[in-house]
>>> print(open('data-v9.txt').read())   # compact mmCIF, C-alpha atoms
# COMPACT_ATOMS: atom_id res chain seq x y z
CA MET A 1 15.75 -12.43 -20.71
CA SER A 2 15.10 -13.97 -24.11
CA GLY A 3 15.51 -12.16 -27.39
CA GLY A 4 12.88 -9.53 -28.06
CA GLU A 5 11.71 -9.28 -24.46
CA LEU A 6 12.11 -6.11 -22.47
CA PRO A 7 14.43 -6.45 -19.47
CA SER A 8 13.12 -6.98 -15.97
CA VAL A 9 14.61 -4.19 -13.84
CA VAL A 10 14.61 -3.57 -10.10
CA ALA A 11 15.52 -0.02 -9.04
CA LEU A 12 16.40 0.68 -5.41
CA GLY A 13 16.51 4.03 -3.67
CA GLY A 14 14.25 6.75 -2.40
CA GLY A 15 13.23 10.36 -2.80
CA HIS A 16 14.20 12.49 -5.80
CA GLY A 17 17.07 10.21 -6.83
CA LEU A 18 14.87 7.14 -7.26
CA SER A 19 12.28 9.31 -8.98
CA ALA A 20 14.88 10.34 -11.58
CA SER A 21 15.99 6.74 -12.08
CA LEU A 22 12.42 5.47 -12.51
CA SER A 23 11.54 8.29 -14.91
CA ALA A 24 14.48 7.20 -17.06
CA LEU A 25 13.99 3.45 -16.73
CA ARG A 26 10.33 3.52 -17.77
CA GLN A 27 11.51 4.87 -21.13
CA VAL A 28 13.43 1.59 -21.51
CA THR A 29 11.17 -1.11 -20.07
CA ASP A 30 7.71 -1.75 -18.68
CA GLN A 31 9.03 -4.62 -16.52
CA LEU A 32 10.01 -2.31 -13.68
CA THR A 33 9.91 -2.70 -9.90
CA ALA A 34 10.85 0.07 -7.47
CA VAL A 35 12.13 -1.03 -4.05
CA VAL A 36 11.85 1.99 -1.80
CA THR A 37 13.49 2.98 1.48
CA VAL A 38 11.12 3.33 4.46
CA ALA A 39 13.14 5.38 6.94
CA ASP A 40 11.63 8.84 6.36
CA ASP A 41 10.68 10.55 9.61
CA GLY A 42 10.27 14.16 8.53
CA GLY A 43 7.50 16.31 7.07
CA SER A 44 4.16 14.81 6.10
CA SER A 45 5.55 11.25 6.19
CA GLY A 46 6.97 11.73 9.66
CA ARG A 47 3.68 13.07 10.98
CA LEU A 48 1.74 10.13 9.56
CA ARG A 49 4.33 7.67 10.81
CA GLU A 50 4.11 9.13 14.31
CA GLU A 51 0.30 9.15 14.31
CA PHE A 52 -0.36 5.73 12.76
CA GLY A 53 2.87 3.84 13.43
CA GLY A 54 3.15 2.32 9.96
CA LEU A 55 5.45 2.75 7.00
CA PRO A 56 6.19 6.34 5.96
CA PRO A 57 4.45 6.84 2.60
CA GLY A 58 6.42 9.77 1.16
CA ASP A 59 9.16 8.02 -0.82
CA LEU A 60 6.65 5.39 -1.96
CA ARG A 61 4.38 8.19 -3.20
CA MET A 62 7.23 9.80 -5.14
CA ALA A 63 8.03 6.48 -6.81
CA LEU A 64 4.39 6.03 -7.84
CA ALA A 65 4.33 9.56 -9.25
CA ALA A 66 7.50 8.87 -11.24
CA LEU A 67 5.87 5.78 -12.76
CA CYS A 68 2.81 7.68 -13.97
CA GLY A 69 2.71 7.95 -17.75
CA ASP A 70 3.61 11.03 -19.78
CA ASP A 71 0.16 11.27 -21.31
CA HIS A 72 -2.36 13.82 -19.99
CA ASN A 73 -3.93 11.45 -17.50
CA GLY A 74 -0.58 10.27 -16.19
CA ARG A 75 0.78 13.76 -15.66
CA ARG A 76 -2.46 14.78 -13.96
CA TRP A 77 -2.22 11.88 -11.51
CA ALA A 78 1.46 12.60 -10.84
CA SER A 79 0.56 16.20 -10.05
CA VAL A 80 -2.26 15.15 -7.72
CA LEU A 81 -0.04 12.68 -5.84
CA GLN A 82 2.66 15.30 -5.33
CA SER A 83 0.37 18.23 -4.45
CA ARG A 84 0.05 19.38 -0.84
CA PHE A 85 -2.76 20.76 1.27
CA ARG A 86 -2.51 24.42 2.23
CA SER A 87 -4.61 25.38 5.20
CA GLU A 88 -4.56 26.79 8.71
CA GLY A 89 -5.51 23.38 10.12
CA PRO A 90 -3.87 20.01 10.78
CA LEU A 91 -3.86 18.99 7.11
CA ASP A 92 -1.47 21.80 6.20
CA GLY A 93 1.63 20.45 4.44
CA HIS A 94 0.36 16.91 3.97
CA ALA A 95 0.90 15.47 0.49
CA VAL A 96 -2.33 14.33 -1.12
CA GLY A 97 -0.66 11.10 -2.21
CA ASN A 98 0.50 10.37 1.33
CA LEU A 99 -3.05 10.58 2.65
CA LEU A 100 -4.35 8.47 -0.23
CA ILE A 101 -1.80 5.74 0.48
CA GLU A 102 -2.41 5.90 4.24
CA GLY A 103 -6.17 5.70 3.71
CA VAL A 104 -5.85 2.66 1.45
CA TRP A 105 -3.54 0.98 3.96
CA GLN A 106 -6.07 1.45 6.73
CA ALA A 107 -8.80 -0.04 4.54
CA ILE A 108 -6.72 -3.04 3.36
CA SER A 109 -4.23 -3.60 6.22
CA ASP A 110 -1.62 -4.84 3.76
CA PRO A 111 0.99 -2.28 2.61
CA VAL A 112 2.02 -4.21 -0.50
CA ARG A 113 -1.54 -4.84 -1.70
CA GLY A 114 -2.41 -1.25 -0.86
CA LEU A 115 0.44 0.11 -2.97
CA GLY A 116 -0.68 -2.17 -5.79
CA LEU A 117 -4.20 -0.76 -5.59
CA VAL A 118 -2.94 2.83 -5.69
CA GLY A 119 -0.68 1.89 -8.59
CA GLU A 120 -3.66 0.56 -10.51
CA LEU A 121 -5.62 3.72 -9.75
CA VAL A 122 -2.93 6.02 -11.17
CA ASP A 123 -1.99 3.58 -13.97
CA ALA A 124 1.60 3.30 -12.76
CA ARG A 125 3.97 1.81 -15.37
CA GLY A 126 5.60 -0.57 -12.90
CA ARG A 127 5.35 -1.82 -9.33
CA VAL A 128 6.32 -0.05 -6.10
CA LEU A 129 7.39 -2.06 -3.05
CA PRO A 130 8.78 -1.11 0.37
CA ALA A 131 12.30 -2.32 1.13
CA SER A 132 11.14 -3.55 4.54
CA THR A 133 7.76 -4.42 5.97
CA GLU A 134 8.39 -2.26 9.03
CA PRO A 135 9.48 1.37 9.36
CA LEU A 136 13.21 1.90 9.84
CA ASN A 137 15.39 4.40 11.68
CA ILE A 138 18.80 5.55 10.53
CA GLU A 139 21.62 6.12 13.00
CA ALA A 140 24.80 7.85 11.83
CA ASP A 141 28.31 8.52 13.11
CA VAL A 142 29.06 12.17 12.38
CA LEU A 143 32.19 14.31 12.68
CA GLY A 144 32.52 18.08 12.88
CA LEU A 145 29.41 19.01 14.83
CA GLU A 146 31.50 20.99 17.33
CA VAL A 147 34.11 23.45 16.09
CA GLU A 148 36.22 22.94 19.20
CA PHE A 149 36.32 19.16 18.71
CA PRO A 150 36.26 18.53 14.93
CA ASN A 151 37.32 14.87 15.25
CA GLU A 152 34.82 13.92 17.93
CA VAL A 153 32.23 11.40 16.78
CA HIS A 154 28.60 12.19 17.49
CA VAL A 155 25.67 9.84 16.91
CA LEU A 156 22.62 11.23 15.14
CA ARG A 157 19.37 9.32 14.87
CA GLY A 158 16.62 9.79 12.32
CA GLN A 159 16.57 10.20 8.55
CA HIS A 160 15.76 13.90 8.74
CA MET A 161 18.57 14.62 11.21
CA VAL A 162 21.11 12.70 9.16
CA ALA A 163 20.03 14.23 5.85
CA SER A 164 20.21 17.79 7.16
CA THR A 165 23.33 17.67 9.33
CA ASN A 166 26.19 20.07 8.70
CA GLY A 167 28.64 17.48 10.02
CA ARG A 168 30.50 14.86 7.99
CA VAL A 169 28.69 11.54 8.04
CA GLN A 170 31.13 8.63 8.31
CA ALA A 171 28.86 5.59 8.48
CA ILE A 172 25.25 4.65 9.10
CA ARG A 173 23.33 1.82 10.76
CA LEU A 174 19.70 0.76 10.73
CA LEU A 175 17.47 0.39 13.75
CA PRO A 176 16.43 -2.35 14.07
CA ALA A 177 19.64 -3.88 12.73
CA ASP A 178 17.92 -6.89 11.15
CA PRO A 179 14.56 -5.70 9.85
CA PRO A 180 12.38 -7.99 7.74
CA ALA A 181 12.77 -7.44 4.02
CA CYS A 182 9.63 -7.22 1.90
CA PRO A 183 9.18 -10.78 0.48
CA GLN A 184 7.93 -9.47 -2.86
CA ALA A 185 11.05 -7.31 -3.16
CA LEU A 186 13.24 -10.36 -2.61
CA THR A 187 11.35 -12.22 -5.33
CA ALA A 188 11.69 -9.29 -7.75
CA ILE A 189 15.44 -9.17 -7.15
CA GLU A 190 15.74 -12.91 -7.68
CA ARG A 191 13.98 -12.63 -11.06
CA ALA A 192 15.63 -9.40 -12.25
CA ASP A 193 17.79 -9.06 -15.33
CA TYR A 194 19.16 -5.74 -14.06
CA ILE A 195 19.43 -4.16 -10.61
CA VAL A 196 19.90 -0.39 -10.43
CA LEU A 197 21.13 1.29 -7.24
CA GLY A 198 21.19 5.08 -7.01
CA PRO A 199 21.21 7.94 -7.63
CA GLY A 200 20.00 9.69 -4.50
CA SER A 201 21.02 10.87 -1.06
CA TRP A 202 23.82 8.42 -0.38
CA PHE A 203 23.38 7.86 3.34
CA THR A 204 19.60 8.06 3.61
CA SER A 205 18.33 6.72 0.27
CA VAL A 206 21.01 4.51 -1.30
CA LEU A 207 22.98 2.78 1.46
CA PRO A 208 20.00 1.76 3.67
CA HIS A 209 19.01 -0.97 1.18
CA LEU A 210 22.41 -2.59 1.67
CA LEU A 211 21.94 -2.66 5.45
CA ILE A 212 18.80 -4.82 5.39
CA PRO A 213 20.50 -8.22 5.66
CA GLN A 214 17.99 -10.24 3.60
CA LEU A 215 17.83 -7.57 0.91
CA ALA A 216 21.61 -7.17 0.73
CA ALA A 217 22.07 -10.94 0.53
CA ALA A 218 19.56 -11.17 -2.32
CA ILE A 219 21.30 -8.38 -4.24
CA ILE A 220 24.74 -9.91 -3.74
CA ALA A 221 23.55 -13.40 -4.73
CA SER A 222 21.58 -12.25 -7.76
CA PRO A 223 23.09 -13.04 -11.18
CA ALA A 224 21.51 -9.83 -12.51
CA HIS A 225 23.66 -7.14 -14.09
CA LYS A 226 24.17 -4.61 -11.28
CA ILE A 227 24.31 -0.91 -12.11
CA LEU A 228 25.32 1.85 -9.69
CA THR A 229 24.27 5.33 -10.81
CA LEU A 230 26.27 8.11 -9.20
CA ASN A 231 24.83 11.52 -8.46
CA VAL A 232 25.77 14.35 -10.80
CA THR A 233 27.60 16.10 -7.94
CA SER A 234 28.28 15.58 -4.25
CA GLY A 235 25.19 16.57 -2.29
CA LEU A 236 24.57 17.88 1.21
CA GLU A 237 25.05 14.46 2.83
CA THR A 238 28.31 13.86 0.99
CA ALA A 239 29.59 17.41 0.52
CA GLY A 240 33.17 17.34 -0.69
CA PHE A 241 33.17 13.59 -1.33
CA SER A 242 34.75 12.48 -4.61
CA PRO A 243 32.94 10.03 -6.90
CA SER A 244 35.42 7.37 -5.74
CA ARG A 245 34.52 8.02 -2.12
CA HIS A 246 30.86 7.35 -2.94
CA ILE A 247 31.86 3.94 -4.31
CA GLU A 248 34.10 3.24 -1.32
CA LEU A 249 31.12 3.86 0.96
CA ILE A 250 29.18 1.21 -0.96
CA ALA A 251 32.02 -1.26 -0.40
CA GLU A 252 32.32 -0.38 3.29
CA HIS A 253 28.61 -0.88 3.97
CA ALA A 254 28.21 -3.98 1.75
CA PRO A 255 31.61 -5.71 1.59
CA GLY A 256 30.39 -8.65 -0.50
CA LEU A 257 28.77 -6.61 -3.25
CA ARG A 258 30.15 -6.73 -6.78
CA LEU A 259 28.98 -4.40 -9.51
CA ASN A 260 28.96 -4.62 -13.29
CA THR A 261 28.54 -1.00 -14.33
CA VAL A 262 28.95 2.42 -12.71
CA VAL A 263 27.23 5.30 -14.51
CA ALA A 264 28.72 8.76 -13.91
CA ASP A 265 28.05 12.20 -15.32
CA GLU A 266 30.99 13.48 -17.32
CA ALA A 267 31.45 16.66 -15.26
CA PHE A 268 31.47 14.83 -11.92
CA ALA A 269 33.69 12.04 -13.28
CA ALA A 270 36.20 14.57 -14.60
CA SER A 271 36.95 15.63 -11.02
CA ASP A 272 38.29 12.16 -10.12
CA ALA A 273 41.18 10.67 -12.05
CA ALA A 274 41.01 7.46 -9.99
CA LEU A 275 37.33 6.76 -10.64
CA ALA A 276 37.73 3.99 -13.23
CA GLU A 277 40.29 2.23 -11.02
CA THR A 278 37.97 2.47 -8.00
CA CYS A 279 35.08 1.01 -10.03
CA ALA A 280 37.31 -1.88 -11.06
CA THR A 281 37.90 -2.83 -7.42
CA LEU A 282 34.21 -3.81 -7.30
CA GLY A 283 34.37 -5.49 -10.70
CA ALA A 284 32.60 -2.67 -12.54
CA ASP A 285 33.15 -0.91 -15.82
CA LEU A 286 32.80 2.86 -15.73
CA VAL A 287 30.36 4.46 -18.18
CA VAL A 288 30.73 8.24 -18.44
CA ASP A 289 28.24 10.39 -20.30
CA ASP A 290 26.44 13.71 -20.17
CA VAL A 291 23.43 12.73 -18.04
CA ALA A 292 22.85 15.97 -16.08
CA MET A 293 20.20 18.60 -16.60
CA HIS A 294 21.58 21.75 -18.18
CA ASP A 295 19.60 24.12 -15.97
CA HIS A 296 22.21 24.56 -13.22
CA THR A 297 20.43 22.10 -10.92
CA ALA A 298 22.03 18.94 -9.57
CA ARG A 299 19.58 16.61 -11.31
CA HIS A 300 19.71 13.89 -13.92
CA ASP A 301 18.12 14.43 -17.31
CA ARG A 302 15.75 11.47 -17.63
CA LEU A 303 16.11 11.15 -21.42
CA ARG A 304 19.91 11.28 -21.36
CA LEU A 305 19.97 8.81 -18.47
CA ALA A 306 17.49 6.57 -20.31
CA ALA A 307 19.78 6.52 -23.34
CA VAL A 308 22.68 5.33 -21.18
CA TYR A 309 20.56 2.67 -19.49
CA ARG A 310 19.40 1.46 -22.90
CA VAL A 311 22.98 1.01 -24.09
CA VAL A 312 24.06 -0.70 -20.86
CA MET A 313 21.07 -3.03 -21.11
CA GLY A 314 22.12 -4.23 -24.53
CA GLY A 315 20.16 -1.84 -26.69
CA ALA A 316 16.74 -2.73 -25.26
CA GLU A 317 14.14 -0.64 -27.00
CA ALA A 318 10.66 -0.14 -25.68
CA ASP A 319 7.82 1.10 -27.83
CA LEU A 320 6.01 2.37 -24.75
CA GLU A 321 3.21 4.88 -24.49
CA MET A 322 4.87 7.78 -22.73
>>> encode(input="data-v9.txt", output="structure tokens")
Amino acid sequence: MSGGELPSVVALGGGHGLSASLSALRQVTDQLTAVVTVADDGGSSGRLREEFGGLPPGDLRMALAALCGDDHNGRRWASVLQSRFRSEGPLDGHAVGNLLIEGVWQAISDPVRGLGLVGELVDARGRVLPASTEPLNIEADVLGLEVEFPNEVHVLRGQHMVASTNGRVQAIRLLPADPPACPQALTAIERADYIVLGPGSWFTSVLPHLLIPQLAAAIIASPAHKILTLNVTSGLETAGFSPSRHIELIAEHAPGLRLNTVVADEAFAASDAALAETCATLGADLVVDDVAMHDHTARHDRLRLAAVYRVVMGGAEADLEM
């Protein structure tokens, strides 16, 4: 990145966590690529995946909506993409954006080109790519599913099952174990100035990227500044996990990964006296700030998070139309 240019950023994740990251990052740069998990098997995405056999569109739709501008037209498109049909028939519960993406895919037969076309339609301020060119399944080792046998390991399969379990997830795997990475995602990572991983559901949105061998290798090999953004609290998948445990899970699932910066909300970081030391084991500096919404929800405030990203990225300032 030469002086005066906005940084090229690749953000990896899925669902609401990636949406929050993208909403913040587009305040900082217009050189933005989202690389999105494709393991969703629940709700509207799961139904479309079962019927058509292709990539689940839900997390991709949410990323596109997050990249819509803050002007009237952008907010209108974001609302349309996220809205759902309400009926007594088979369309009930389907997201409008999911059906739009699926329809374009059927017309073009190329998921990446199709997402590009939808992005142009909604004037997305960045590019959205799938992490893999084929749909993935998540398999997890889980403890505590039976009260009588709290230390017995059970295997759960499927993103929805893993995300909603009341057990304690210990580790995850992908099926297939060596899925093909999206070539355009690999190129974006190779050219990135910054790579941002997280926030999001740790086992079903964040870690899966590190289990696609080609994608993980590209991230590890990249000279880009690597940022891990922690959630503002432990969520359902990681209930009771400290911030340090979240970082340890990254190391366990991607042993070769080194980080440059870990971003943590001040309230969550305050619960873990060892957090800075744990970050250092992966080569990262810890940046602590108030990045949470103040409405009693476990969400990031996009403007506060954008301010932190801007500082980490060397004071990059974007005069972007919001």
>>> residues_around(input="data-v9.txt", residues="range 37-41 of chain A", least_positions_apart="3", cutoff="6 Å", atoms="only C-alpha atoms", output="PyMOL selection string")
chain A and resi 14+46+56+131+135-137+159
>>> closest_residue(input="data-v9.txt", among="A:Pro90, A:Gly97, A:Gly13, A:Pro180", to="Ser45 in chain A", atoms="only C-alpha atoms")
A:Gly97
>>> closest_residue(input="data-v9.txt", among="A:Met313, A:Val291, A:Leu100, A:Leu197", to="Ile219 in chain A", atoms="all atoms listed in the file")
A:Leu197
>>> closest_residue(input="data-v9.txt", among="A:Ile227, A:Leu210, A:Val288, A:Leu305", to="Ala177 in chain A", atoms="only C-alpha atoms")
A:Leu210
>>> atom_distance(input="data-v9.txt", atom1="CA of Gly167 in chain A", atom2="CA of Ser205 in chain A")
17.8 Å
>>> closest_residue(input="data-v9.txt", among="A:Arg47, A:Val96, A:Ala274, A:Val35", to="Cys182 in chain A", atoms="all atoms listed in the file")
A:Val35
>>> residues_around(input="data-v9.txt", residues="Tyr309 in chain A", least_positions_apart="5", cutoff="8 Å", atoms="all atoms listed in the file", output="PyMOL selection string")
chain A and resi 24-25+28
>>> residues_around(input="data-v9.txt", residues="Val122 in chain A", least_positions_apart="2", cutoff="12 Å", atoms="all atoms listed in the file", output="ChimeraX atom specification")
/A:61,63-81,97,100-101,115-120,124-127
>>> residues_around(input="data-v9.txt", residues="Gly283 in chain A", least_positions_apart="2", cutoff="8 Å", atoms="only C-alpha atoms", output="number ranges by chain")
A: 258-260, 279-281, 285
>>> write_last_selection(input="data-v9.txt", atoms="C-alpha atoms", output="short mmCIF file (atom, residue, chain, number, x, y, z; two decimals), in the frame of the given file")
data_model
loop_
_atom_site.label_atom_id
_atom_site.label_comp_id
_atom_site.auth_asym_id
_atom_site.auth_seq_id
_atom_site.Cartn_x
_atom_site.Cartn_y
_atom_site.Cartn_z
CA ARG A 258 30.15 -6.73 -6.78
CA LEU A 259 28.98 -4.40 -9.51
CA ASN A 260 28.96 -4.62 -13.29
CA CYS A 279 35.08 1.01 -10.03
CA ALA A 280 37.31 -1.88 -11.06
CA THR A 281 37.90 -2.83 -7.42
CA ASP A 285 33.15 -0.91 -15.82
#
>>> closest_residue(input="data-v9.txt", among="A:Thr233, A:Gln31, A:Ser19, A:Thr297", to="Asp272 in chain A", atoms="only C-alpha atoms")
A:Thr233
>>> atom_distance(input="data-v9.txt", atom1="CA of Val112 in chain A", atom2="CA of Gln27 in chain A")
24.5 Å
>>> closest_residue(input="data-v9.txt", among="A:Glu237, A:Val196, A:Ala298, A:Ala217", to="Leu22 in chain A", atoms="all atoms listed in the file")
A:Val196
>>> atom_distance(input="data-v9.txt", atom1="CA of Glu190 in chain A", atom2="CA of Ser244 in chain A")
28.3 Å
>>> residues_near_point(input="data-v9.txt", point="(27.3, 7.5, -5.6)", cutoff="10 Å", atoms="all atoms listed in the file", output="PyMOL selection string")
chain A and resi 197-203+206-207+228-235+238+241-250+262-264
>>> axis_aligned_box(input="data-v9.txt", around="range 269-276 of chain A", padding_each_side="8 Å", output="AutoDock Vina command-line options")
--center_x 37.4 --center_y 9.8 --center_z -12.3 --size_x 23.5 --size_y 27.6 --size_z 20.6
>>> residues_around(input="data-v9.txt", residues="Arg173 in chain A", least_positions_apart="3", cutoff="12 Å", atoms="only C-alpha atoms", output="PyMOL selection string")
chain A and resi 39+136-142+155-159+162+169-170+176-179+203-204+207-213+252-254
>>> write_last_selection(input="data-v9.txt", atoms="C-alpha atoms", output="JSON list (two decimals), in the coordinates of the input")
[["chain", "number", "residue", "atom", "x", "y", "z"],
["A", 39, "ALA", "CA", 13.14, 5.38, 6.94],
["A", 136, "LEU", "CA", 13.21, 1.90, 9.84],
["A", 137, "ASN", "CA", 15.39, 4.40, 11.68],
["A", 138, "ILE", "CA", 18.80, 5.55, 10.53],
["A", 139, "GLU", "CA", 21.62, 6.12, 13.00],
["A", 140, "ALA", "CA", 24.80, 7.85, 11.83],
["A", 141, "ASP", "CA", 28.31, 8.52, 13.11],
["A", 142, "VAL", "CA", 29.06, 12.17, 12.38],
["A", 155, "VAL", "CA", 25.67, 9.84, 16.91],
["A", 156, "LEU", "CA", 22.62, 11.23, 15.14],
["A", 157, "ARG", "CA", 19.37, 9.32, 14.87],
["A", 158, "GLY", "CA", 16.62, 9.79, 12.32],
["A", 159, "GLN", "CA", 16.57, 10.20, 8.55],
["A", 162, "VAL", "CA", 21.11, 12.70, 9.16],
["A", 169, "VAL", "CA", 28.69, 11.54, 8.04],
["A", 170, "GLN", "CA", 31.13, 8.63, 8.31],
["A", 176, "PRO", "CA", 16.43, -2.35, 14.07],
["A", 177, "ALA", "CA", 19.64, -3.88, 12.73],
["A", 178, "ASP", "CA", 17.92, -6.89, 11.15],
["A", 179, "PRO", "CA", 14.56, -5.70, 9.85],
["A", 203, "PHE", "CA", 23.38, 7.86, 3.34],
["A", 204, "THR", "CA", 19.60, 8.06, 3.61],
["A", 207, "LEU", "CA", 22.98, 2.78, 1.46],
["A", 208, "PRO", "CA", 20.00, 1.76, 3.67],
["A", 209, "HIS", "CA", 19.01, -0.97, 1.18],
["A", 210, "LEU", "CA", 22.41, -2.59, 1.67],
["A", 211, "LEU", "CA", 21.94, -2.66, 5.45],
["A", 212, "ILE", "CA", 18.80, -4.82, 5.39],
["A", 213, "PRO", "CA", 20.50, -8.22, 5.66],
["A", 252, "GLU", "CA", 32.32, -0.38, 3.29],
["A", 253, "HIS", "CA", 28.61, -0.88, 3.97],
["A", 254, "ALA", "CA", 28.21, -3.98, 1.75]]
>>> build_atoms(input="data-v9.txt", residues="range 182-190 of chain A", atoms="all heavy atoms", output="CSV table (one decimal), keeping the file's coordinate frame")
chain,number,residue,atom,x,y,z
A,182,CYS,N,10.9,-6.9,2.6
A,182,CYS,CA,9.6,-7.2,1.9
A,182,CYS,C,9.8,-8.5,1.0
A,182,CYS,O,10.7,-8.5,0.1
A,182,CYS,CB,9.2,-6.0,1.0
A,182,CYS,SG,7.8,-6.3,0.0
A,183,PRO,N,9.0,-9.5,1.3
A,183,PRO,CA,9.2,-10.8,0.5
A,183,PRO,C,9.0,-10.6,-1.0
A,183,PRO,O,9.8,-11.2,-1.8
A,183,PRO,CB,8.1,-11.7,1.0
A,183,PRO,CG,7.8,-11.2,2.4
A,183,PRO,CD,8.0,-9.7,2.3
A,184,GLN,N,8.1,-9.7,-1.4
A,184,GLN,CA,7.9,-9.5,-2.9
A,184,GLN,C,9.1,-8.8,-3.5
A,184,GLN,O,9.5,-9.0,-4.6
A,184,GLN,CB,6.7,-8.6,-3.1
A,184,GLN,CG,5.4,-9.4,-2.7
A,184,GLN,CD,5.0,-9.2,-1.3
A,184,GLN,OE1,5.8,-8.8,-0.4
A,184,GLN,NE2,3.7,-9.5,-1.0
A,185,ALA,N,9.8,-8.0,-2.7
A,185,ALA,CA,11.0,-7.3,-3.2
A,185,ALA,C,12.1,-8.3,-3.4
A,185,ALA,O,12.9,-8.3,-4.4
A,185,ALA,CB,11.5,-6.2,-2.2
A,186,LEU,N,12.2,-9.3,-2.5
A,186,LEU,CA,13.2,-10.4,-2.6
A,186,LEU,C,13.0,-11.2,-3.9
A,186,LEU,O,13.9,-11.5,-4.6
A,186,LEU,CB,13.2,-11.3,-1.4
A,186,LEU,CG,13.6,-10.6,0.0
A,186,LEU,CD1,13.5,-11.6,1.1
A,186,LEU,CD2,15.0,-10.1,-0.1
A,187,THR,N,11.7,-11.5,-4.1
A,187,THR,CA,11.4,-12.2,-5.3
A,187,THR,C,11.7,-11.4,-6.6
A,187,THR,O,12.2,-12.0,-7.6
A,187,THR,CB,9.9,-12.6,-5.3
A,187,THR,OG1,9.6,-13.4,-4.2
A,187,THR,CG2,9.5,-13.3,-6.6
A,188,ALA,N,11.4,-10.1,-6.6
A,188,ALA,CA,11.7,-9.3,-7.8
A,188,ALA,C,13.2,-9.3,-8.0
A,188,ALA,O,13.6,-9.3,-9.2
A,188,ALA,CB,11.2,-7.9,-7.5
A,189,ILE,N,14.0,-9.2,-7.0
A,189,ILE,CA,15.4,-9.2,-7.2
A,189,ILE,C,15.9,-10.5,-7.7
A,189,ILE,O,16.8,-10.6,-8.6
A,189,ILE,CB,16.1,-8.8,-5.8
A,189,ILE,CG1,15.9,-7.4,-5.5
A,189,ILE,CG2,17.6,-9.1,-5.8
A,189,ILE,CD1,16.3,-7.0,-4.0
A,190,GLU,N,15.4,-11.6,-7.2
A,190,GLU,CA,15.7,-12.9,-7.7
A,190,GLU,C,15.5,-13.1,-9.2
A,190,GLU,O,16.2,-13.8,-9.9
A,190,GLU,CB,15.0,-14.0,-6.9
A,190,GLU,CG,15.3,-15.4,-7.3
A,190,GLU,CD,14.4,-16.4,-6.5
A,190,GLU,OE1,13.8,-16.0,-5.5
A,190,GLU,OE2,14.4,-17.6,-6.9
